[in-house]
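Below is target.cif, holding mmCIF, C-alpha atoms.
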data_protein
#
loop_
_atom_site.label_atom_id
_atom_site.label_comp_id
_atom_site.auth_asym_id
_atom_site.auth_seq_id
_atom_site.Cartn_x
_atom_site.Cartn_y
_atom_site.Cartn_z
CA MET A 256 75.66 19.02 116.19
CA MET A 257 78.88 20.81 117.14
CA ILE A 258 80.63 20.10 120.45
CA LEU A 259 83.63 21.86 121.99
CA LEU A 260 85.71 19.66 124.31
CA VAL A 261 88.22 21.54 126.50
CA ASP A 262 90.51 19.38 128.63
CA ASP A 263 94.28 19.24 129.07
CA GLU A 264 94.40 15.45 129.51
CA ALA A 265 95.25 14.05 126.09
CA GLU A 266 94.60 10.51 127.32
CA LEU A 267 90.98 11.60 127.84
CA THR A 268 90.32 13.96 124.94
CA ALA A 269 91.70 11.68 122.21
CA PRO A 270 89.43 8.67 122.85
CA LEU A 271 86.47 10.81 123.94
CA SER A 272 86.53 13.00 120.84
CA HIS A 273 86.81 9.84 118.72
CA ILE A 274 83.79 8.27 120.42
CA LEU A 275 81.73 11.44 120.10
CA SER A 276 82.65 11.64 116.42
CA CYS A 277 81.54 8.03 115.97
CA GLU A 278 78.21 9.03 117.55
CA GLY A 279 77.76 11.54 114.73
CA TYR A 280 78.87 14.75 116.47
CA LYS A 281 81.40 17.22 115.10
CA VAL A 282 84.01 17.82 117.81
CA ASP A 283 86.58 20.57 118.30
CA VAL A 284 89.22 19.98 120.98
CA ALA A 285 91.26 22.51 122.97
CA ASP A 286 93.90 21.48 125.52
CA ASN A 287 94.14 24.82 127.36
CA GLY A 288 91.87 27.56 128.62
CA GLN A 289 93.13 30.24 126.24
CA ASP A 290 92.21 28.28 123.11
CA GLY A 291 89.03 27.02 124.75
CA MET A 292 87.94 30.56 125.61
CA GLU A 293 88.56 31.80 122.07
CA LEU A 294 86.66 28.93 120.47
CA ALA A 295 83.74 29.10 122.92
CA LEU A 296 83.24 32.83 122.32
CA ASN A 297 83.76 32.92 118.57
CA ARG A 298 82.22 29.75 117.19
CA ASN A 299 78.69 28.46 117.23
CA TYR A 300 78.56 25.28 119.36
CA ASP A 301 75.61 23.22 120.51
CA LEU A 302 77.41 21.98 123.64
CA LEU A 303 80.51 22.85 125.65
CA ILE A 304 82.27 20.10 127.64
CA LEU A 305 84.75 21.77 130.00
CA ASP A 306 87.34 20.56 132.45
CA TRP A 307 87.49 22.69 135.61
CA MET A 308 91.28 23.01 136.00
CA LEU A 309 92.98 24.25 132.83
CA PRO A 310 96.08 26.25 131.89
CA GLN A 311 95.47 30.00 131.33
CA TYR A 312 91.69 30.11 131.94
CA SER A 313 89.72 27.66 134.05
CA GLY A 314 86.54 25.98 132.90
CA ILE A 315 84.68 28.18 135.39
CA GLU A 316 86.07 31.32 133.74
CA ILE A 317 85.14 30.06 130.27
CA CYS A 318 81.61 29.28 131.43
CA GLN A 319 81.25 32.69 133.08
CA ALA A 320 82.49 34.45 129.93
CA VAL A 321 80.01 32.54 127.77
CA ARG A 322 77.12 33.40 130.07
CA SER A 323 78.18 37.06 130.37
CA ARG A 324 77.80 37.34 126.58
CA GLY A 325 74.25 36.04 126.85
CA PHE A 326 74.98 32.71 125.15
CA THR A 327 72.68 29.89 126.25
CA THR A 328 74.85 27.05 124.96
CA PRO A 329 74.58 24.09 127.36
CA VAL A 330 77.71 23.49 129.47
CA LEU A 331 78.81 20.16 130.97
CA PHE A 332 81.68 20.11 133.46
CA LEU A 333 83.99 17.10 133.60
CA THR A 334 86.08 17.33 136.75
CA ALA A 335 87.59 15.49 139.69
CA LYS A 336 86.21 18.15 142.04
CA ASP A 337 83.42 16.37 143.86
CA THR A 338 82.44 18.32 146.98
CA ILE A 339 79.00 19.89 147.29
CA ASP A 340 80.52 23.37 147.53
CA GLU A 341 82.47 22.85 144.33
CA ARG A 342 79.39 21.59 142.51
CA VAL A 343 77.48 24.67 143.66
CA ILE A 344 80.27 26.92 142.35
CA GLY A 345 80.11 25.21 138.95
CA LEU A 346 76.34 25.45 138.71
CA ASP A 347 76.32 29.06 139.89
CA ALA A 348 78.83 29.88 137.15
CA GLY A 349 76.22 28.81 134.62
CA ALA A 350 76.91 25.11 134.07
CA ASP A 351 73.95 22.90 133.15
CA ASP A 352 75.39 19.59 134.33
CA TYR A 353 78.32 18.14 136.22
CA LEU A 354 80.06 14.77 135.81
CA ILE A 355 82.75 13.54 138.19
CA LYS A 356 85.91 11.88 136.87
CA PRO A 357 86.26 9.00 136.40
CA PHE A 358 82.89 8.45 134.75
CA GLU A 359 81.06 5.77 132.80
CA LEU A 360 81.05 6.45 129.06
CA ARG A 361 77.40 5.52 128.61
CA GLU A 362 76.41 8.01 131.32
CA LEU A 363 78.41 10.74 129.59
CA LEU A 364 76.74 10.01 126.24
CA ALA A 365 73.31 10.04 127.88
CA ARG A 366 74.02 13.43 129.45
CA VAL A 367 75.33 14.76 126.14
CA ARG A 368 72.11 13.70 124.42
CA ALA A 369 70.01 15.30 127.15
CA LEU A 370 71.93 18.58 127.05
CA LEU A 371 71.82 18.78 123.26
CA ARG A 372 68.05 18.81 123.50
CA ARG A 373 68.54 22.17 125.27
CA SER A 374 70.75 23.64 122.54
CA PRO A 375 70.09 27.25 121.41
CA HIS A 376 68.68 25.95 118.11
CA ILE A 377 65.96 24.02 119.88
CA GLU A 378 65.56 26.71 122.51
CA LEU A 379 64.62 29.23 119.84
CA ASN A 380 61.69 27.03 118.79
CA ILE A 381 60.55 26.71 122.41
CA GLN A 382 60.62 30.50 122.76
CA VAL A 383 58.51 30.92 119.63
CA ASN A 384 55.92 28.50 121.02
CA GLN A 385 55.84 29.86 124.55
CA GLY A 386 56.29 33.57 123.83
CA GLY A 387 58.94 36.03 124.95
CA ARG A 388 60.92 38.87 123.47
CA LEU A 389 64.45 39.40 122.25
CA LYS A 390 66.16 42.78 122.14
CA VAL A 391 69.43 43.80 120.49
CA ARG A 392 70.38 47.47 120.23
CA ASP A 393 67.13 49.34 119.33
CA LEU A 394 65.48 46.34 117.69
CA GLU A 395 62.99 44.23 119.62
CA LEU A 396 61.48 40.94 118.45
CA ASP A 397 58.16 39.70 119.81
CA LEU A 398 58.42 35.96 119.19
CA GLU A 399 54.89 35.16 120.33
CA ASN A 400 53.16 37.60 117.97
CA GLN A 401 55.81 37.40 115.21
CA LEU A 402 56.37 41.15 115.11
CA ALA A 403 59.47 43.32 115.37
CA TYR A 404 59.72 46.88 116.64
CA ARG A 405 62.26 49.56 115.80
CA GLN A 406 62.24 53.35 116.17
CA GLY A 407 58.57 53.23 117.19
CA ARG A 408 57.40 51.32 114.12
CA VAL A 409 55.89 47.85 113.85
CA ILE A 410 57.54 45.42 111.42
CA ASN A 411 55.59 42.47 110.02
CA LEU A 412 57.76 39.43 109.29
CA SER A 413 57.25 36.08 107.61
CA GLU A 414 57.79 32.88 109.56
CA LYS A 415 61.19 32.29 107.94
CA GLU A 416 62.22 35.91 108.56
CA ILE A 417 61.24 35.54 112.23
CA LYS A 418 63.34 32.40 112.53
CA LEU A 419 66.36 34.00 110.86
CA LEU A 420 66.12 37.20 112.90
CA ALA A 421 65.76 35.26 116.16
CA TYR A 422 68.86 33.26 115.25
CA PHE A 423 70.81 36.47 114.61
CA MET A 424 69.58 38.09 117.82
CA ASN A 425 70.52 35.07 119.91
CA HIS A 426 74.10 35.37 118.58
CA PRO A 427 74.86 39.12 118.51
CA ASP A 428 78.27 40.24 117.26
CA ARG A 429 79.24 36.70 116.26
CA LEU A 430 80.21 35.57 112.78
CA LEU A 431 77.59 33.08 111.63
CA THR A 432 78.70 31.15 108.58
CA LYS A 433 76.34 30.54 105.70
CA ASP A 434 76.48 26.82 106.39
CA GLU A 435 75.47 27.33 110.03
CA ILE A 436 72.50 29.46 108.98
CA TYR A 437 71.44 26.94 106.34
CA GLN A 438 71.62 24.13 108.89
CA TYR A 439 69.37 26.05 111.25
CA LEU A 440 66.80 27.29 108.73
CA TRP A 441 66.44 24.21 106.56
CA GLN A 442 66.63 20.45 106.93
CA GLU A 443 69.32 18.75 104.85
CA SER A 444 66.65 17.16 102.66
CA ASP A 445 64.98 20.46 101.66
CA ARG A 446 67.97 22.80 101.61
CA PRO A 447 67.55 25.33 98.75
CA ASN A 448 70.23 26.72 96.48
CA SER A 449 72.67 29.34 97.69
CA ASN A 450 70.72 32.28 96.25
CA VAL A 451 67.77 31.73 98.59
CA LEU A 452 69.64 32.77 101.75
CA ALA A 453 70.98 35.93 100.09
CA ALA A 454 67.45 36.82 98.98
CA LEU A 455 66.07 36.20 102.48
CA ILE A 456 68.78 38.41 104.02
CA ARG A 457 67.98 41.15 101.50
CA LEU A 458 64.26 41.06 102.33
CA LEU A 459 64.96 41.13 106.07
CA ARG A 460 67.30 44.09 105.71
CA ARG A 461 64.66 46.05 103.81
CA LYS A 462 62.26 45.59 106.72
CA ILE A 463 64.50 46.24 109.73
CA GLU A 464 66.96 48.77 108.24
CA LEU A 465 65.14 51.80 106.80
CA GLU A 466 67.00 54.83 105.48
CA GLY A 467 68.69 56.65 108.33
CA GLU A 468 68.69 53.64 110.66
CA GLN A 469 71.93 51.97 111.68
CA PRO A 470 72.58 48.76 109.73
CA LEU A 471 72.45 45.62 111.87
CA ILE A 472 73.09 42.78 109.43
CA HIS A 473 76.65 42.90 108.09
CA THR A 474 78.01 40.70 105.34
CA VAL A 475 81.40 39.10 106.01
CA TYR A 476 82.37 38.38 102.43
CA GLY A 477 83.22 34.79 101.66
CA LYS A 478 82.20 33.65 105.15
CA GLY A 479 78.75 34.67 106.34
CA TYR A 480 77.03 37.37 108.38
CA ARG A 481 77.40 39.24 111.65
CA PHE A 482 74.50 40.88 113.49
CA GLY A 483 75.17 44.00 115.54
CA ASP A 484 76.70 47.47 115.26
CA ASN A 485 79.51 46.57 112.87
#

Taking this structure as input, can you express it in the form of structure tokens?
Amino acid sequence: MMILLVDDEAELTAPLSHILSCEGYKVDVADNGQDGMELALNRNYDLLILDWMLPQYSGIEICQAVRSRGFTTPVLFLTAKDTIDERVIGLDAGADDYLIKPFELRELLARVRALLRRSPHIELNIQVNQGGRLKVRDLELDLENQLAYRQGRVINLSEKEIKLLAYFMNHPDRLLTKDEIYQYLWQESDRPNSNVLAALIRLLRRKIELEGEQPLIHTVYGKGYRFGDN
């Protein structure tokens, strides 16, 4: 699980990132809003932990930018702002939870665990079970019936192709590394060799990108794939 921690108080981020790492999480740290914004919008995190007041961009602005892109990554605010009005502002900006400084470490860890159960990876599985549709450009994915639609045609997909396409469509225009895709599609214990993902991508392309249709899956050589116009 990947966590982004954005806070300009080094006396907080240093021990907190260490503790989270000891709990088994991978943690990136940014000490200003500019770096935090760039990381939040361009990397695939399972949880964002944001301070409210930051240099350059505030935590509120980062949260709003993430939500405006359609990302459903859970957001936890850590802040000294404790009035009801301020909490409402944070929640209205798209935050999932709110923890007032100073806080008890065990409460923070409990909230982190709870929010990670809402991560986009898990959320995709919930959508498959409960139904719903995803749409990017002219491609629509019916998760309940495991069908895709493009240019008026119906596309039949395998279970693994559905899962991969849903992952792409939940992260449009973002670079998804091969390792991130492997982690989502397969458990560590049954991860196949590197040729399997390339073969799966090739099969999916054949189904959703017929001759004359705009390509949607783009290879970023040496890194991974990006889903979208280019």

- Point-to-point distance from atom CA of Asp352 of chain A to atom CA of Glu278 of chain A, Å rounded to tenths: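 Between these atoms lies a distance of 20.0 Å.
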
- Quick one: everything within 9 Å of Trp307 of chain A, counting all atoms listed in the file, minus sequence neighbours fewer than 2 positions away in the same chain. Send it as a ChimeraX atom specification. /A:262,305,309,313-316,332-336,345

Keeping only C-alpha atoms, write those residues as a PDB file, in the frame of the given file.
ATOM      1  CA  ASP A 262      90.510  19.380 128.630  1.00  0.00           C
ATOM      2  CA  LEU A 305      84.750  21.770 130.000  1.00  0.00           C
ATOM      3  CA  LEU A 309      92.980  24.250 132.830  1.00  0.00           C
ATOM      4  CA  SER A 313      89.720  27.660 134.050  1.00  0.00           C
ATOM      5  CA  GLY A 314      86.540  25.980 132.900  1.00  0.00           C
ATOM      6  CA  ILE A 315      84.680  28.180 135.390  1.00  0.00           C
ATOM      7  CA  GLU A 316      86.070  31.320 133.740  1.00  0.00           C
ATOM      8  CA  PHE A 332      81.680  20.110 133.460  1.00  0.00           C
ATOM      9  CA  LEU A 333      83.990  17.100 133.600  1.00  0.00           C
ATOM     10  CA  THR A 334      86.080  17.330 136.750  1.00  0.00           C
ATOM     11  CA  ALA A 335      87.590  15.490 139.690  1.00  0.00           C
ATOM     12  CA  LYS A 336      86.210  18.150 142.040  1.00  0.00           C
ATOM     13  CA  GLY A 345      80.110  25.210 138.950  1.00  0.00           C
TER      14      GLY A 345
END

- Using the chain letters and numbers from the file, which residues does the PyMOL selection byres ((chain A and resi 455-459) around 10) grab, as a PyMOL selection string? chain A and resi 412-413+415-417+419-420+450-454+460-464+472-474+480

Print the selection's residues with C-alpha atoms to a file, as a PDB file, in the frame of the given file.
ATOM      1  CA  LEU A 412      57.760  39.430 109.290  1.00  0.00           C
ATOM      2  CA  SER A 413      57.250  36.080 107.610  1.00  0.00           C
ATOM      3  CA  LYS A 415      61.190  32.290 107.940  1.00  0.00           C
ATOM      4  CA  GLU A 416      62.220  35.910 108.560  1.00  0.00           C
ATOM      5  CA  ILE A 417      61.240  35.540 112.230  1.00  0.00           C
ATOM      6  CA  LEU A 419      66.360  34.000 110.860  1.00  0.00           C
ATOM      7  CA  LEU A 420      66.120  37.200 112.900  1.00  0.00           C
ATOM      8  CA  ASN A 450      70.720  32.280  96.250  1.00  0.00           C
ATOM      9  CA  VAL A 451      67.770  31.730  98.590  1.00  0.00           C
ATOM     10  CA  LEU A 452      69.640  32.770 101.750  1.00  0.00           C
ATOM     11  CA  ALA A 453      70.980  35.930 100.090  1.00  0.00           C
ATOM     12  CA  ALA A 454      67.450  36.820  98.980  1.00  0.00           C
ATOM     13  CA  ARG A 460      67.300  44.090 105.710  1.00  0.00           C
ATOM     14  CA  ARG A 461      64.660  46.050 103.810  1.00  0.00           C
ATOM     15  CA  LYS A 462      62.260  45.590 106.720  1.00  0.00           C
ATOM     16  CA  ILE A 463      64.500  46.240 109.730  1.00  0.00           C
ATOM     17  CA  GLU A 464      66.960  48.770 108.240  1.00  0.00           C
ATOM     18  CA  ILE A 472      73.090  42.780 109.430  1.00  0.00           C
ATOM     19  CA  HIS A 473      76.650  42.900 108.090  1.00  0.00           C
ATOM     20  CA  THR A 474      78.010  40.700 105.340  1.00  0.00           C
ATOM     21  CA  TYR A 480      77.030  37.370 108.380  1.00  0.00           C
TER      22      TYR A 480
END

- Given only C-alpha atoms as the counted atoms, nearest of A:Glu435, A:Asp340, A:Glu395, A:Asp306 to Met257 of chain A: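 For Met257 of chain A, the nearest of the candidates is A:Glu435.
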
Would you give me, as JSON lines, each residue of segment 398-467 of chain A having an atom within 9 Å of an atom of segment 295-300 of chain A, along with its shortest atom pair and that distance in Å to one decimal, using all atoms listed in the file and sorting by chain and residue number?
{"residue": "A:His426", "atom": "CA", "partner": "A:Asn299", "partner_atom": "CA", "distance": 8.4}
{"residue": "A:Arg429", "atom": "CA", "partner": "A:Asn297", "partner_atom": "CA", "distance": 6.3}
{"residue": "A:Leu430", "atom": "CA", "partner": "A:Asn297", "partner_atom": "CA", "distance": 7.3}
{"residue": "A:Leu431", "atom": "CA", "partner": "A:Asn299", "partner_atom": "CA", "distance": 7.3}
{"residue": "A:Glu435", "atom": "CA", "partner": "A:Asn299", "partner_atom": "CA", "distance": 8.0}

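Counting all atoms listed in the file, Val284 of chain A has the following residues at most 10 Å away, ignoring those fewer than 6 positions along the same chain: Ile258, Leu259, Leu260, Val261, Asp262, Asp263, Ala265, Thr268, Ala269, Ser272, Asp290, Gly291, Leu294 and Ile304 of chain A.
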
- Task: Using all atoms listed in the file, pick whichever of A:Leu440, A:Leu394, A:Leu402, A:Leu370 has the shortest atom-to-atom distance to Gln469 of chain A.
- Result: A:Leu394

- Straight-line distance linking atom CA of Cys318 of chain A with atom CA of Gly479 of chain A, stated in Å to one decimal: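 Computing the Euclidean distance for atom CA of Cys318 of chain A and atom CA of Gly479 of chain A yields 25.8 Å.
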
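Note that atom CA of Ala365 of chain A and atom CA of Ser276 of chain A are 14.9 Å apart.
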
- Query: Between A:Asp301, A:Asp484, A:Glu266, A:Asp347, which has the minimum distance to Arg368 of chain A (counting all atoms listed in the file)?
  - Reply: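 Checking each candidate against Arg368 of chain A, we get A:Asp301 as the closest.
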
- So what does the PyMOL selection byres ((chain A and resi 310) around 6) actually pick up in this one, as a PyMOL selection string? chain A and resi 287-288+309+311-312
